[in-house]
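Peer 1: Structure file final.cif, mmCIF, C-alpha atoms, is pasted below:
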data_work
#
loop_
_atom_site.group_PDB
_atom_site.id
_atom_site.type_symbol
_atom_site.label_atom_id
_atom_site.label_comp_id
_atom_site.auth_asym_id
_atom_site.auth_seq_id
_atom_site.Cartn_x
_atom_site.Cartn_y
_atom_site.Cartn_z
ATOM 1 C CA MET A 1 9.038 -11.267 9.298
ATOM 2 C CA SER A 2 11.462 -10.080 11.926
ATOM 3 C CA LYS A 3 9.952 -10.090 15.418
ATOM 4 C CA SER A 4 11.862 -6.940 16.352
ATOM 5 C CA ARG A 5 9.232 -4.594 14.875
ATOM 6 C CA ASP A 6 7.934 -2.023 17.376
ATOM 7 C CA PHE A 7 4.394 -0.789 17.710
ATOM 8 C CA ALA A 8 4.033 2.957 17.622
ATOM 9 C CA GLY A 9 2.275 2.998 20.955
ATOM 10 C CA ASN A 10 5.365 1.529 22.608
ATOM 11 C CA VAL A 11 7.913 3.887 21.055
ATOM 12 C CA GLN A 12 8.466 7.543 21.895
ATOM 13 C CA GLN A 13 10.935 8.375 19.140
ATOM 14 C CA ILE A 14 12.727 6.785 16.199
ATOM 15 C CA ASP A 15 15.561 7.896 13.979
ATOM 16 C CA GLY A 16 14.218 10.429 11.506
ATOM 17 C CA TYR A 17 11.138 11.238 13.575
ATOM 18 C CA ASN A 18 10.651 14.979 13.938
ATOM 19 C CA GLY A 19 6.966 15.153 14.788
ATOM 20 C CA GLU A 20 5.995 16.761 11.489
ATOM 21 C CA LYS A 21 2.403 15.990 10.551
ATOM 22 C CA LEU A 22 1.700 16.137 6.840
ATOM 23 C CA ILE A 23 -1.762 16.316 5.306
ATOM 24 C CA TYR A 24 -2.126 15.301 1.669
ATOM 25 C CA PRO A 25 -5.462 16.573 0.267
ATOM 26 C CA ALA A 26 -5.774 13.526 -2.011
ATOM 27 C CA ALA A 27 -5.284 11.146 0.927
ATOM 28 C CA SER A 28 -7.870 13.077 2.925
ATOM 29 C CA ARG A 29 -10.355 12.614 0.089
ATOM 30 C CA ASN A 30 -9.758 8.988 -0.823
ATOM 31 C CA LYS A 31 -9.005 7.331 2.534
ATOM 32 C CA GLU A 32 -12.671 6.699 3.383
ATOM 33 C CA PRO A 33 -13.722 5.280 -0.026
ATOM 34 C CA ILE A 34 -10.697 2.973 0.063
ATOM 35 C CA LEU A 35 -11.550 1.894 3.611
ATOM 36 C CA GLN A 36 -15.006 0.825 2.463
ATOM 37 C CA VAL A 37 -13.367 -1.466 -0.103
ATOM 38 C CA LEU A 38 -10.948 -2.873 2.475
ATOM 39 C CA LYS A 39 -13.857 -3.758 4.737
ATOM 40 C CA ARG A 40 -15.029 -6.167 2.042
ATOM 41 C CA PHE A 41 -11.730 -8.013 1.861
ATOM 42 C CA ILE A 42 -9.854 -7.842 5.179
ATOM 43 C CA LEU A 43 -10.827 -10.683 7.472
ATOM 44 C CA CYS A 44 -9.972 -10.745 11.166
ATOM 45 C CA ASP A 45 -12.039 -12.296 13.957
ATOM 46 C CA VAL A 46 -10.196 -10.758 16.912
ATOM 47 C CA ASP A 47 -10.243 -7.191 18.220
ATOM 48 C CA GLU A 48 -6.717 -6.986 19.579
ATOM 49 C CA ILE A 49 -3.209 -7.849 18.444
ATOM 50 C CA GLU A 50 -2.081 -11.438 18.939
ATOM 51 C CA ASN A 51 1.050 -13.315 17.872
ATOM 52 C CA GLU A 52 -0.748 -14.706 14.836
ATOM 53 C CA SER A 53 -2.550 -11.505 13.872
ATOM 54 C CA PRO A 54 -2.713 -10.820 10.133
ATOM 55 C CA LEU A 55 0.011 -8.546 8.761
ATOM 56 C CA PHE A 56 -0.939 -5.647 6.470
ATOM 57 C CA LEU A 57 2.096 -4.152 4.720
ATOM 58 C CA GLU A 58 1.611 -0.717 3.172
ATOM 59 C CA ILE A 59 4.087 0.179 0.423
ATOM 60 C CA ALA A 60 4.920 3.868 -0.052
ATOM 61 C CA SER A 61 2.981 5.146 2.950
ATOM 62 C CA GLY A 62 3.577 8.797 2.127
ATOM 63 C CA SER A 63 2.133 10.991 4.862
ATOM 64 C CA GLY A 64 0.847 8.019 6.871
ATOM 65 C CA GLN A 65 -2.778 9.136 6.658
ATOM 66 C CA HIS A 66 -4.070 5.956 5.030
ATOM 67 C CA VAL A 67 -2.709 3.406 7.467
ATOM 68 C CA ALA A 68 -3.775 5.548 10.429
ATOM 69 C CA HIS A 69 -7.304 5.790 9.041
ATOM 70 C CA PHE A 70 -7.555 2.070 8.285
ATOM 71 C CA ALA A 71 -6.026 0.582 11.437
ATOM 72 C CA PRO A 72 -8.722 1.486 14.009
ATOM 73 C CA ASN A 73 -11.271 -0.357 11.879
ATOM 74 C CA PHE A 74 -9.263 -3.601 12.080
ATOM 75 C CA PRO A 75 -7.838 -3.650 15.639
ATOM 76 C CA GLY A 76 -6.745 -7.278 15.326
ATOM 77 C CA VAL A 77 -4.565 -6.600 12.261
ATOM 78 C CA LYS A 78 -0.939 -5.464 12.444
ATOM 79 C CA PHE A 79 -0.330 -2.552 10.096
ATOM 80 C CA GLN A 80 3.232 -2.031 8.855
ATOM 81 C CA PRO A 81 3.844 1.269 7.029
ATOM 82 C CA SER A 82 6.914 1.608 4.834
ATOM 83 C CA GLU A 83 8.598 4.324 2.796
ATOM 84 C CA VAL A 84 11.648 4.788 0.606
ATOM 85 C CA ASP A 85 11.854 8.469 1.638
ATOM 86 C CA MET A 86 12.946 8.812 5.256
ATOM 87 C CA ASN A 87 11.927 12.477 5.220
ATOM 88 C CA LEU A 88 8.346 11.186 5.522
ATOM 89 C CA PHE A 89 9.011 9.058 8.597
ATOM 90 C CA GLY A 90 8.164 11.923 10.952
ATOM 91 C CA SER A 91 4.647 12.250 9.575
ATOM 92 C CA ILE A 92 4.047 8.498 9.412
ATOM 93 C CA SER A 93 5.196 8.148 13.013
ATOM 94 C CA TYR A 94 2.991 11.036 14.095
ATOM 95 C CA TYR A 95 -0.105 9.333 12.742
ATOM 96 C CA ALA A 96 0.958 5.921 14.037
ATOM 97 C CA ASN A 97 1.676 7.198 17.539
ATOM 98 C CA ASN A 98 -1.757 8.821 17.660
ATOM 99 C CA CYS A 99 -3.662 5.713 16.553
ATOM 100 C CA HIS A 100 -5.786 4.823 19.585
ATOM 101 C CA THR A 101 -5.904 1.105 18.759
ATOM 102 C CA ASN A 102 -2.089 0.851 18.903
ATOM 103 C CA ASN A 103 -1.898 -1.602 16.022
ATOM 104 C CA VAL A 104 0.334 0.424 13.707
ATOM 105 C CA LEU A 105 4.004 -0.486 13.673
ATOM 106 C CA GLN A 106 6.797 2.037 13.292
ATOM 107 C CA PRO A 107 7.620 2.802 9.631
ATOM 108 C CA ILE A 108 10.418 0.900 7.958
ATOM 109 C CA LEU A 109 12.663 1.946 5.104
ATOM 110 C CA LEU A 110 11.702 -0.145 2.078
ATOM 111 C CA ASP A 111 12.530 0.132 -1.612
ATOM 112 C CA VAL A 112 10.040 -2.052 -3.449
ATOM 113 C CA ARG A 113 12.630 -2.812 -6.147
ATOM 114 C CA ASN A 114 14.596 -4.876 -3.623
ATOM 115 C CA LYS A 115 13.630 -8.304 -2.373
ATOM 116 C CA PHE A 116 11.745 -7.974 0.890
ATOM 117 C CA SER A 117 14.136 -10.399 2.553
ATOM 118 C CA LYS A 118 16.511 -7.435 2.708
ATOM 119 C CA TYR A 119 14.133 -5.898 5.238
ATOM 120 C CA GLY A 120 13.611 -8.934 7.437
ATOM 121 C CA PHE A 121 10.596 -10.497 5.770
ATOM 122 C CA GLU A 122 10.338 -14.217 5.057
ATOM 123 C CA GLU A 123 8.583 -15.646 2.024
ATOM 124 C CA ASN A 124 4.891 -16.550 2.327
ATOM 125 C CA THR A 125 4.362 -14.548 5.537
ATOM 126 C CA ILE A 126 2.377 -11.424 4.555
ATOM 127 C CA ASP A 127 -1.426 -11.468 4.673
ATOM 128 C CA TYR A 128 -2.116 -8.191 2.861
ATOM 129 C CA MET A 129 -0.043 -5.843 0.725
ATOM 130 C CA TYR A 130 -1.404 -2.419 -0.093
ATOM 131 C CA SER A 131 -0.205 0.429 -2.238
ATOM 132 C CA ALA A 132 -1.963 3.637 -3.251
ATOM 133 C CA ASN A 133 -0.749 5.966 -5.984
ATOM 134 C CA LEU A 134 2.615 4.269 -6.356
ATOM 135 C CA ILE A 135 2.263 2.524 -9.701
ATOM 136 C CA HIS A 136 1.797 5.647 -11.808
ATOM 137 C CA ILE A 137 4.137 7.933 -9.828
ATOM 138 C CA SER A 138 7.264 5.787 -10.079
ATOM 139 C CA PRO A 139 9.340 4.069 -12.764
ATOM 140 C CA TYR A 140 7.844 0.833 -14.071
ATOM 141 C CA ASP A 141 10.550 -1.230 -12.384
ATOM 142 C CA CYS A 142 8.878 -0.290 -9.083
ATOM 143 C CA THR A 143 5.667 -1.893 -10.341
ATOM 144 C CA ILE A 144 7.637 -4.977 -11.389
ATOM 145 C CA GLY A 145 9.210 -5.122 -7.935
ATOM 146 C CA LEU A 146 5.820 -4.720 -6.270
ATOM 147 C CA PHE A 147 4.363 -7.679 -8.141
ATOM 148 C CA GLN A 148 7.473 -9.854 -7.780
ATOM 149 C CA ASN A 149 7.579 -9.300 -4.043
ATOM 150 C CA ALA A 150 3.850 -9.921 -3.708
ATOM 151 C CA GLY A 151 4.283 -13.210 -5.543
ATOM 152 C CA SER A 152 7.061 -14.263 -3.179
ATOM 153 C CA TYR A 153 6.124 -12.829 0.204
ATOM 154 C CA LEU A 154 2.331 -13.002 0.325
ATOM 155 C CA LYS A 155 0.854 -16.124 1.848
ATOM 156 C CA SER A 156 -1.046 -18.468 -0.444
ATOM 157 C CA GLU A 157 -4.452 -16.936 -1.282
ATOM 158 C CA ALA A 158 -3.428 -13.646 0.371
ATOM 159 C CA LEU A 159 -4.285 -10.321 -1.227
ATOM 160 C CA MET A 160 -2.514 -7.345 -2.741
ATOM 161 C CA ILE A 161 -4.607 -4.178 -3.072
ATOM 162 C CA THR A 162 -3.558 -1.372 -5.411
ATOM 163 C CA TYR A 163 -5.278 1.979 -5.839
ATOM 164 C CA GLY A 164 -4.954 4.703 -8.426
ATOM 165 C CA PRO A 165 -5.803 5.677 -12.014
ATOM 166 C CA TYR A 166 -5.165 3.161 -14.787
ATOM 167 C CA SER A 167 -5.637 2.852 -18.511
ATOM 168 C CA LYS A 168 -7.731 -0.009 -19.906
ATOM 169 C CA ASP A 169 -6.868 -1.805 -23.144
ATOM 170 C CA GLY A 170 -4.545 1.016 -24.104
ATOM 171 C CA VAL A 171 -7.142 3.744 -23.598
ATOM 172 C CA ILE A 172 -7.033 6.461 -20.928
ATOM 173 C CA THR A 173 -10.337 8.051 -19.945
ATOM 174 C CA PRO A 174 -11.642 10.624 -19.190
ATOM 175 C CA GLN A 175 -9.837 13.732 -20.409
ATOM 176 C CA SER A 176 -8.779 14.632 -16.874
ATOM 177 C CA ASN A 177 -6.790 11.390 -16.656
ATOM 178 C CA ILE A 178 -5.264 12.033 -20.099
ATOM 179 C CA ASP A 179 -4.132 15.432 -18.853
ATOM 180 C CA PHE A 180 -2.885 13.930 -15.600
ATOM 181 C CA ASN A 181 -0.867 11.299 -17.460
ATOM 182 C CA SER A 182 0.702 14.011 -19.623
ATOM 183 C CA SER A 183 1.620 16.043 -16.557
ATOM 184 C CA LEU A 184 3.245 13.004 -14.943
ATOM 185 C CA LYS A 185 5.345 12.287 -18.016
ATOM 186 C CA ALA A 186 6.365 15.937 -18.187
ATOM 187 C CA ARG A 187 7.702 15.616 -14.633
ATOM 188 C CA ASN A 188 9.369 12.268 -15.287
ATOM 189 C CA PRO A 189 9.162 10.322 -18.580
ATOM 190 C CA SER A 190 9.296 7.018 -16.664
ATOM 191 C CA TRP A 191 6.072 7.832 -14.793
ATOM 192 C CA GLY A 192 2.542 7.480 -16.095
ATOM 193 C CA LEU A 193 -0.692 5.517 -15.929
ATOM 194 C CA ARG A 194 -0.223 1.773 -16.379
ATOM 195 C CA ASP A 195 -2.581 -0.407 -18.352
ATOM 196 C CA ILE A 196 -4.634 -2.946 -16.440
ATOM 197 C CA SER A 197 -4.060 -5.528 -19.189
ATOM 198 C CA ASP A 198 -0.299 -5.199 -18.753
ATOM 199 C CA LEU A 199 -0.670 -5.531 -14.986
ATOM 200 C CA ILE A 200 -2.739 -8.680 -15.422
ATOM 201 C CA LYS A 201 0.099 -10.214 -17.456
ATOM 202 C CA LEU A 202 2.623 -9.105 -14.837
ATOM 203 C CA GLY A 203 0.410 -10.660 -12.190
ATOM 204 C CA GLU A 204 0.225 -13.955 -14.065
ATOM 205 C CA ASP A 205 4.025 -14.032 -14.212
ATOM 206 C CA ASN A 206 4.072 -13.767 -10.419
ATOM 207 C CA ASN A 207 1.193 -16.084 -9.459
ATOM 208 C CA LEU A 208 -1.246 -13.220 -8.891
ATOM 209 C CA SER A 209 -4.768 -13.085 -10.284
ATOM 210 C CA LEU A 210 -6.931 -9.966 -10.571
ATOM 211 C CA ILE A 211 -10.133 -10.959 -8.758
ATOM 212 C CA ASP A 212 -11.954 -7.618 -8.553
ATOM 213 C CA THR A 213 -11.847 -4.168 -10.105
ATOM 214 C CA VAL A 214 -13.676 -1.576 -8.018
ATOM 215 C CA GLU A 215 -14.579 1.781 -9.511
ATOM 216 C CA MET A 216 -13.662 4.641 -7.192
ATOM 217 C CA PRO A 217 -14.317 8.391 -7.081
ATOM 218 C CA SER A 218 -12.336 10.738 -9.333
ATOM 219 C CA ASN A 219 -11.823 8.109 -12.055
ATOM 220 C CA ASN A 220 -9.667 5.805 -9.951
ATOM 221 C CA TYR A 221 -9.834 2.071 -9.347
ATOM 222 C CA THR A 222 -9.018 -0.274 -6.527
ATOM 223 C CA LEU A 223 -7.619 -3.522 -7.902
ATOM 224 C CA ILE A 224 -7.744 -6.678 -5.799
ATOM 225 C CA TRP A 225 -5.052 -9.265 -6.561
ATOM 226 C CA LYS A 226 -5.008 -12.758 -5.072
ATOM 227 C CA LYS A 227 -1.941 -14.954 -4.840
ATOM 228 C CA ASP A 228 -2.568 -18.334 -6.425
#
Could I get this file's structure written as structure tokens?

Peer 2:
Amino acid sequence: MSKSRDFAGNVQQIDGYNGEKLIYPAASRNKEPILQVLKRFILCDVDEIENESPLFLEIASGSGQHVAHFAPNFPGVKFQPSEVDMNLFGSISYYANNCHTNNVLQPILLDVRNKFSKYGFEENTIDYMYSANLIHISPYDCTIGLFQNAGSYLKSEALMITYGPYSKDGVITPQSNIDFNSSLKARNPSWGLRDISDLIKLGEDNNLSLIDTVEMPSNNYTLIWKKD
């Protein structure tokens, strides 16, 4: 990874930063349940940033609420938010700049369909990749890119964590998720809930194994993937 990344606490302003704080109701609801899962899987023995601190890359950070909620609980981990939509940088930066542990980096522009080398990352250098509510609200080639990049840029035995609603063995349950899937496809036919079985096959193609499936509130799951 490029060493030119800046921590939010050391930066007053970045291009695209306008101080706008966004609050997504869904992120407000699910950030704490997801944090409890992360506490089971993120390992860090130090309580401040060091040169060799683990790197946690968030894909599609949205408002920035998740990374800002997680980071104070892991002060020895470097959190890197990213977004494809620069209109969201202001909100992400707001949350990052107000993180009292100062371990959130400034957001970077990242399209998951591109190889991460385009953004200064080196292969086998990322300790954790995380993405919430991306897989079903994007074309499937974004999911392919997510898994391909995880297979290339995660360290050996490192983890990718994905959160959201999924179908299982071709079946969507309950009715609320069926309705949600229909509403997504009405907005964009290339969106929709992905099947865990298909993701397992995609993972196998990219040296990723599904090691845990955690049931979450509101009929969501957190999936834990480990690079072989």

Peer 1: With only C-alpha atoms as the counted atoms, please give the residues lying no more than 9 Å from Lys226 in chain A, apart from itself and same-chain residues fewer than 6 positions off, as a VMD selection string.

Peer 2: chain A and resid 156 to 161 207 to 211

Peer 1: When distances are computed from only C-alpha atoms, which of A:Asn51, A:Thr162, A:Asn87, A:Asn97 shows the smallest separation from Tyr128 in chain A?

Peer 2: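 The closest residue to Tyr128 in chain A is A:Thr162.
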
Peer 1: Build an axis-aligned box that encloses every atom of range 74-84 of chain A listed in the file, pad it by 8 Å on each side, and report its centre and edge lengths in Å to one decimal, as lines of an AutoDock Vina configuration file.

Peer 2:
center_x = 1.2
center_y = -1.2
center_z = 8.1
size_x = 36.9
size_y = 28.1
size_z = 31.0

Peer 1: I'd like to see the residues matched by the PyMOL selection byres ((chain A and resi 31-35) around 9) on this file, and ideally I'd get them as an mmCIF file with C-alpha atoms, in the coordinates of the input.

Peer 2:
data_model
loop_
_atom_site.group_PDB
_atom_site.id
_atom_site.type_symbol
_atom_site.label_atom_id
_atom_site.label_comp_id
_atom_site.auth_asym_id
_atom_site.auth_seq_id
_atom_site.Cartn_x
_atom_site.Cartn_y
_atom_site.Cartn_z
ATOM 1 C CA ALA A 26 -5.774 13.526 -2.011
ATOM 2 C CA ALA A 27 -5.284 11.146 0.927
ATOM 3 C CA SER A 28 -7.870 13.077 2.925
ATOM 4 C CA ARG A 29 -10.355 12.614 0.089
ATOM 5 C CA ASN A 30 -9.758 8.988 -0.823
ATOM 6 C CA GLN A 36 -15.006 0.825 2.463
ATOM 7 C CA VAL A 37 -13.367 -1.466 -0.103
ATOM 8 C CA LEU A 38 -10.948 -2.873 2.475
ATOM 9 C CA LYS A 39 -13.857 -3.758 4.737
ATOM 10 C CA ARG A 40 -15.029 -6.167 2.042
ATOM 11 C CA GLN A 65 -2.778 9.136 6.658
ATOM 12 C CA HIS A 66 -4.070 5.956 5.030
ATOM 13 C CA VAL A 67 -2.709 3.406 7.467
ATOM 14 C CA HIS A 69 -7.304 5.790 9.041
ATOM 15 C CA PHE A 70 -7.555 2.070 8.285
ATOM 16 C CA ASN A 73 -11.271 -0.357 11.879
ATOM 17 C CA TYR A 163 -5.278 1.979 -5.839
ATOM 18 C CA MET A 216 -13.662 4.641 -7.192
ATOM 19 C CA PRO A 217 -14.317 8.391 -7.081
ATOM 20 C CA THR A 222 -9.018 -0.274 -6.527
#

Peer 1: Determine the nearest neighbour of Gly170 in chain A from the options A:Asp195, A:Ile224, A:Asn219, A:Ile59, counting all atoms listed in the file.

Peer 2: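 The answer is A:Asp195, which sits nearest to Gly170 in chain A.
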
Peer 1: Could you add N, CA, C and O atoms to range 121-135 of chain A and give me the result as a PDB file, keeping the file's coordinate frame?

Peer 2:
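Result went into part.pdb, see below:
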ATOM      1  N   PHE A 121      11.786  -9.697   6.038  1.00  0.00           N
ATOM      2  CA  PHE A 121      10.596 -10.497   5.770  1.00  0.00           C
ATOM      3  C   PHE A 121      10.983 -11.874   5.252  1.00  0.00           C
ATOM      4  O   PHE A 121      11.986 -12.028   4.550  1.00  0.00           O
ATOM      5  N   GLU A 122      10.173 -12.862   5.570  1.00  0.00           N
ATOM      6  CA  GLU A 122      10.338 -14.217   5.057  1.00  0.00           C
ATOM      7  C   GLU A 122       9.260 -14.474   4.010  1.00  0.00           C
ATOM      8  O   GLU A 122       8.174 -13.877   4.054  1.00  0.00           O
ATOM      9  N   GLU A 123       9.552 -15.347   3.071  1.00  0.00           N
ATOM     10  CA  GLU A 123       8.583 -15.646   2.024  1.00  0.00           C
ATOM     11  C   GLU A 123       7.321 -16.265   2.602  1.00  0.00           C
ATOM     12  O   GLU A 123       7.358 -16.971   3.613  1.00  0.00           O
ATOM     13  N   ASN A 124       6.190 -15.977   1.966  1.00  0.00           N
ATOM     14  CA  ASN A 124       4.891 -16.550   2.327  1.00  0.00           C
ATOM     15  C   ASN A 124       4.464 -16.196   3.758  1.00  0.00           C
ATOM     16  O   ASN A 124       3.903 -17.028   4.474  1.00  0.00           O
ATOM     17  N   THR A 125       4.702 -14.936   4.164  1.00  0.00           N
ATOM     18  CA  THR A 125       4.362 -14.548   5.537  1.00  0.00           C
ATOM     19  C   THR A 125       3.435 -13.328   5.620  1.00  0.00           C
ATOM     20  O   THR A 125       2.961 -13.000   6.711  1.00  0.00           O
ATOM     21  N   ILE A 126       3.164 -12.660   4.526  1.00  0.00           N
ATOM     22  CA  ILE A 126       2.377 -11.424   4.555  1.00  0.00           C
ATOM     23  C   ILE A 126       0.937 -11.736   4.153  1.00  0.00           C
ATOM     24  O   ILE A 126       0.686 -12.422   3.169  1.00  0.00           O
ATOM     25  N   ASP A 127      -0.008 -11.207   4.931  1.00  0.00           N
ATOM     26  CA  ASP A 127      -1.426 -11.468   4.673  1.00  0.00           C
ATOM     27  C   ASP A 127      -2.034 -10.483   3.683  1.00  0.00           C
ATOM     28  O   ASP A 127      -2.902 -10.850   2.882  1.00  0.00           O
ATOM     29  N   TYR A 128      -1.600  -9.227   3.757  1.00  0.00           N
ATOM     30  CA  TYR A 128      -2.116  -8.191   2.861  1.00  0.00           C
ATOM     31  C   TYR A 128      -0.981  -7.252   2.486  1.00  0.00           C
ATOM     32  O   TYR A 128      -0.212  -6.825   3.348  1.00  0.00           O
ATOM     33  N   MET A 129      -0.899  -6.928   1.199  1.00  0.00           N
ATOM     34  CA  MET A 129      -0.043  -5.843   0.725  1.00  0.00           C
ATOM     35  C   MET A 129      -0.938  -4.780   0.121  1.00  0.00           C
ATOM     36  O   MET A 129      -1.931  -5.101  -0.542  1.00  0.00           O
ATOM     37  N   TYR A 130      -0.561  -3.534   0.356  1.00  0.00           N
ATOM     38  CA  TYR A 130      -1.404  -2.419  -0.093  1.00  0.00           C
ATOM     39  C   TYR A 130      -0.524  -1.299  -0.599  1.00  0.00           C
ATOM     40  O   TYR A 130       0.504  -0.965   0.017  1.00  0.00           O
ATOM     41  N   SER A 131      -0.938  -0.712  -1.709  1.00  0.00           N
ATOM     42  CA  SER A 131      -0.205   0.429  -2.238  1.00  0.00           C
ATOM     43  C   SER A 131      -1.169   1.357  -2.972  1.00  0.00           C
ATOM     44  O   SER A 131      -1.942   0.911  -3.822  1.00  0.00           O
ATOM     45  N   ALA A 132      -1.124   2.637  -2.612  1.00  0.00           N
ATOM     46  CA  ALA A 132      -1.963   3.637  -3.251  1.00  0.00           C
ATOM     47  C   ALA A 132      -1.086   4.651  -3.971  1.00  0.00           C
ATOM     48  O   ALA A 132      -0.128   5.181  -3.396  1.00  0.00           O
ATOM     49  N   ASN A 133      -1.413   4.907  -5.212  1.00  0.00           N
ATOM     50  CA  ASN A 133      -0.749   5.966  -5.984  1.00  0.00           C
ATOM     51  C   ASN A 133       0.764   5.801  -6.075  1.00  0.00           C
ATOM     52  O   ASN A 133       1.503   6.785  -6.127  1.00  0.00           O
ATOM     53  N   LEU A 134       1.201   4.554  -6.110  1.00  0.00           N
ATOM     54  CA  LEU A 134       2.615   4.269  -6.356  1.00  0.00           C
ATOM     55  C   LEU A 134       2.858   3.937  -7.824  1.00  0.00           C
ATOM     56  O   LEU A 134       3.809   4.426  -8.429  1.00  0.00           O
ATOM     57  N   ILE A 135       1.997   3.122  -8.402  1.00  0.00           N
ATOM     58  CA  ILE A 135       2.263   2.524  -9.701  1.00  0.00           C
ATOM     59  C   ILE A 135       2.455   3.568 -10.792  1.00  0.00           C
ATOM     60  O   ILE A 135       3.336   3.419 -11.647  1.00  0.00           O
TER      61      ILE A 135
END
